[in-house]
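Text of upload_22.txt, listed as compact mmCIF, C-alpha atoms:
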# COMPACT_ATOMS: atom_id res chain seq x y z
CA MET R 1 -57.80 105.57 25.02
CA THR R 2 -58.32 101.99 23.86
CA LEU R 3 -55.67 99.34 24.17
CA SER R 4 -55.44 96.40 21.84
CA LEU R 5 -55.61 92.88 23.20
CA ARG R 6 -51.97 92.34 22.31
CA THR R 7 -50.87 95.43 24.27
CA ILE R 8 -52.84 94.30 27.33
CA ALA R 9 -51.24 90.84 27.13
CA MET R 10 -47.76 92.37 26.90
CA ILE R 11 -48.42 94.62 29.93
CA ALA R 12 -49.71 91.65 31.91
CA ALA R 13 -46.66 89.57 31.00
CA ALA R 14 -44.27 92.36 31.96
CA THR R 15 -46.06 92.89 35.27
CA ALA R 16 -45.89 89.17 36.05
CA ALA R 17 -42.18 89.06 35.18
CA VAL R 18 -41.37 92.03 37.40
CA SER R 19 -43.36 90.63 40.33
CA SER R 20 -41.75 87.18 40.00
CA GLN R 21 -38.29 88.76 39.92
CA ALA R 22 -39.07 90.74 43.06
CA ALA R 23 -40.31 87.61 44.82
CA ALA R 24 -37.20 85.70 43.74
CA GLN R 25 -34.95 88.40 45.16
CA GLU R 26 -36.77 88.35 48.50
CA GLU R 27 -36.54 84.62 49.10
CA PRO R 28 -34.34 82.26 47.05
CA GLU R 29 -36.33 79.27 45.94
CA ARG R 30 -34.97 75.79 45.30
CA ASN R 31 -36.58 73.76 42.59
CA PHE R 32 -36.46 70.03 43.17
CA HIS R 33 -37.30 67.22 40.85
CA LYS R 34 -38.53 64.12 42.65
CA ARG R 35 -38.41 60.77 40.90
CA HIS R 36 -40.49 57.90 42.20
CA ILE R 37 -41.02 54.74 40.20
CA PRO R 38 -42.94 51.94 41.87
CA HIS R 39 -41.67 48.40 41.47
CA ARG R 40 -43.20 46.58 38.51
CA PRO R 41 -43.62 42.84 38.95
CA ASP R 42 -42.83 42.20 35.27
CA ARG R 43 -39.36 43.78 35.71
CA PRO R 44 -36.43 42.43 37.73
CA SER R 45 -36.01 43.79 41.24
CA ILE R 46 -33.29 46.28 42.13
CA ARG R 47 -31.25 43.49 43.71
CA GLU R 48 -31.47 41.40 40.54
CA GLN R 49 -30.57 44.34 38.30
CA VAL R 50 -27.52 45.39 40.35
CA THR R 51 -26.29 41.82 40.77
CA GLN R 52 -26.68 41.18 37.04
CA LYS R 53 -24.83 44.40 36.21
CA HIS R 54 -21.87 43.44 38.37
CA ALA R 55 -21.87 39.88 36.98
CA ASN R 56 -21.86 41.15 33.38
CA ARG R 57 -19.08 43.71 33.93
CA ARG R 58 -16.23 41.26 33.25
CA LEU R 59 -17.98 39.92 30.14
CA HIS R 60 -18.59 43.43 28.86
CA LEU R 61 -14.94 44.45 29.38
CA GLN R 62 -13.69 41.28 27.65
CA ARG R 63 -16.02 41.90 24.70
CA HIS R 64 -14.85 45.52 24.40
CA LEU R 65 -11.21 44.40 24.63
CA SER R 66 -11.64 41.82 21.87
CA GLN R 67 -13.30 44.41 19.61
CA LEU R 68 -10.43 46.84 20.13
CA LYS R 69 -7.83 44.14 19.54
CA ASN R 70 -9.64 43.16 16.34
CA THR R 71 -9.60 46.77 15.14
CA ILE R 72 -5.89 47.09 15.94
CA SER R 73 -5.07 43.81 14.15
CA GLU R 74 -7.00 44.97 11.06
CA HIS R 75 -4.96 48.18 11.14
CA THR R 76 -1.62 46.38 11.45
CA ALA R 77 -2.61 43.97 8.64
CA GLY R 78 -3.49 46.95 6.43
CA ARG R 79 -7.14 46.00 5.88
CA LYS R 80 -8.66 48.97 7.68
CA LEU R 81 -6.23 51.76 8.43
CA LEU R 82 -6.73 54.08 11.35
CA SER R 83 -5.35 57.56 11.78
CA ASP R 84 -2.34 57.80 14.09
CA GLU R 85 -4.50 59.51 16.70
CA ASP R 86 -7.16 56.76 16.59
CA TYR R 87 -4.52 54.01 16.65
CA ASN R 88 -2.84 55.50 19.74
CA ARG R 89 -6.23 56.02 21.40
CA HIS R 90 -7.14 52.36 20.76
CA LEU R 91 -3.82 51.21 22.23
CA LYS R 92 -4.41 53.34 25.32
CA PHE R 93 -7.95 51.89 25.70
CA VAL R 94 -6.55 48.36 25.48
CA GLN R 95 -4.11 49.12 28.31
CA GLY R 96 -6.93 50.59 30.41
CA LEU R 97 -9.17 47.58 29.80
CA HIS R 98 -6.37 45.20 30.80
CA ARG R 99 -5.93 47.21 34.01
CA LYS R 100 -9.68 47.10 34.76
CA LEU R 101 -9.89 43.36 34.11
CA ALA R 102 -6.90 42.74 36.38
CA ALA R 103 -8.50 44.82 39.12
CA LEU R 104 -11.74 42.83 38.78
CA GLU R 105 -9.89 39.51 39.05
CA GLU R 106 -7.90 40.66 42.10
CA LYS R 107 -10.93 42.05 43.94
CA ASP R 108 -11.90 40.21 47.10
CA PRO R 109 -15.39 38.66 46.68
CA ARG R 110 -16.44 40.02 50.08
CA ILE R 111 -15.58 43.57 49.02
CA ALA R 112 -17.43 43.07 45.74
CA GLN R 113 -20.47 41.89 47.69
CA LEU R 114 -20.29 44.93 49.96
CA GLU R 115 -20.19 47.21 46.91
CA ILE R 116 -23.27 45.45 45.50
CA GLU R 117 -25.14 45.80 48.81
CA GLU R 118 -24.25 49.50 49.02
CA GLU R 119 -25.46 50.15 45.48
CA ILE R 120 -28.70 48.27 46.20
CA GLU R 121 -29.24 50.37 49.33
CA LEU R 122 -28.70 53.62 47.41
CA GLN R 123 -31.05 52.54 44.61
CA GLU R 124 -33.75 51.67 47.15
CA LYS R 125 -33.31 55.03 48.89
CA MET R 126 -33.68 56.74 45.53
CA LEU R 127 -36.91 54.89 44.76
CA GLU R 128 -38.30 55.66 48.21
CA GLY R 129 -37.77 59.34 47.53
CA GLU R 130 -34.97 59.87 50.06
CA PHE R 131 -32.92 61.61 47.35
CA LEU R 132 -33.97 64.79 45.63
CA TRP R 133 -32.54 66.41 42.55
CA ASP R 134 -31.19 69.84 43.45
CA MET R 135 -31.58 71.95 40.33
CA GLU R 136 -29.29 74.63 41.73
CA ARG R 137 -26.39 72.26 42.38
CA GLY R 138 -27.18 69.91 39.52
CA GLU R 139 -26.88 66.77 41.65
CA LEU R 140 -28.79 64.30 43.75
CA VAL R 141 -28.81 65.06 47.47
CA LEU R 142 -30.20 63.23 50.48
CA LYS R 143 -33.20 64.94 52.03
CA ASP R 144 -31.44 64.79 55.40
CA ASP R 145 -28.35 66.57 54.02
CA LEU R 146 -30.45 69.29 52.42
CA GLN R 147 -30.15 72.70 53.98
CA VAL R 148 -33.01 74.91 52.93
Exercise: express the given structure as structure tokens:
Amino acid sequence: MTLSLRTIAMIAAATAAVSSQAAAQEEPERNFHKRHIPHRPDRPSIREQVTQKHANRRLHLQRHLSQLKNTISEHTAGRKLLSDEDYNRHLKFVQGLHRKLAALEEKDPRIAQLEIEEEIELQEKMLEGEFLWDMERGELVLKDDLQV
């Protein structure tokens, strides 16, 4: 009895699949994705990036607010009509942006600085490989918190 090459390949693949399923049932395996990017001198440091992001937040919110107000004013003037659903969604976004801007203005600078420092610390931990991506959970976890 002679087997074709294709038949042999199919038998080998089926055997490998069955053996891998049996091994998976014996011991559950966690697959982790580790991300490590060394610092590049031509790019800003983590501290500079986080500080810049927090500094630009107010500007970004104000820009978004002005764009939405412009769209709403074009709608009310009749130049570019929006559907009722889009108009109401834009109005709701404007209220939310006003709320976010007010919260930014009322925030104590010391608390804002603490938030920046905490984010910098977490970013540095991530780059040092202290966080791992848990494929099973679908989230980043600290190595110390990991229970294997």
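The two atoms in question, atom CA of Asp42 of chain R and atom CA of Met126 of chain R, are spaced 20.0 Å apart.
From atom CA of Ile111 of chain R back to atom CA of Gln123 of chain R, the distance works out to 18.4 Å.
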One decimal, in Å: what's the spacing between atom CA of Gln67 of chain R and atom CA of Val94 of chain R?
9.8 Å
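Distances to Asp84 of chain R were evaluated for R:Ile72, R:Leu101, R:Leu122, R:Leu59 using all atoms listed in the file, and the minimum falls at R:Ile72.
Among the candidates R:Ala55, R:Val141, R:Leu82, R:Leu91, the residue lying nearest to Ala112 of chain R is R:Ala55 (atoms considered: all atoms listed in the file).
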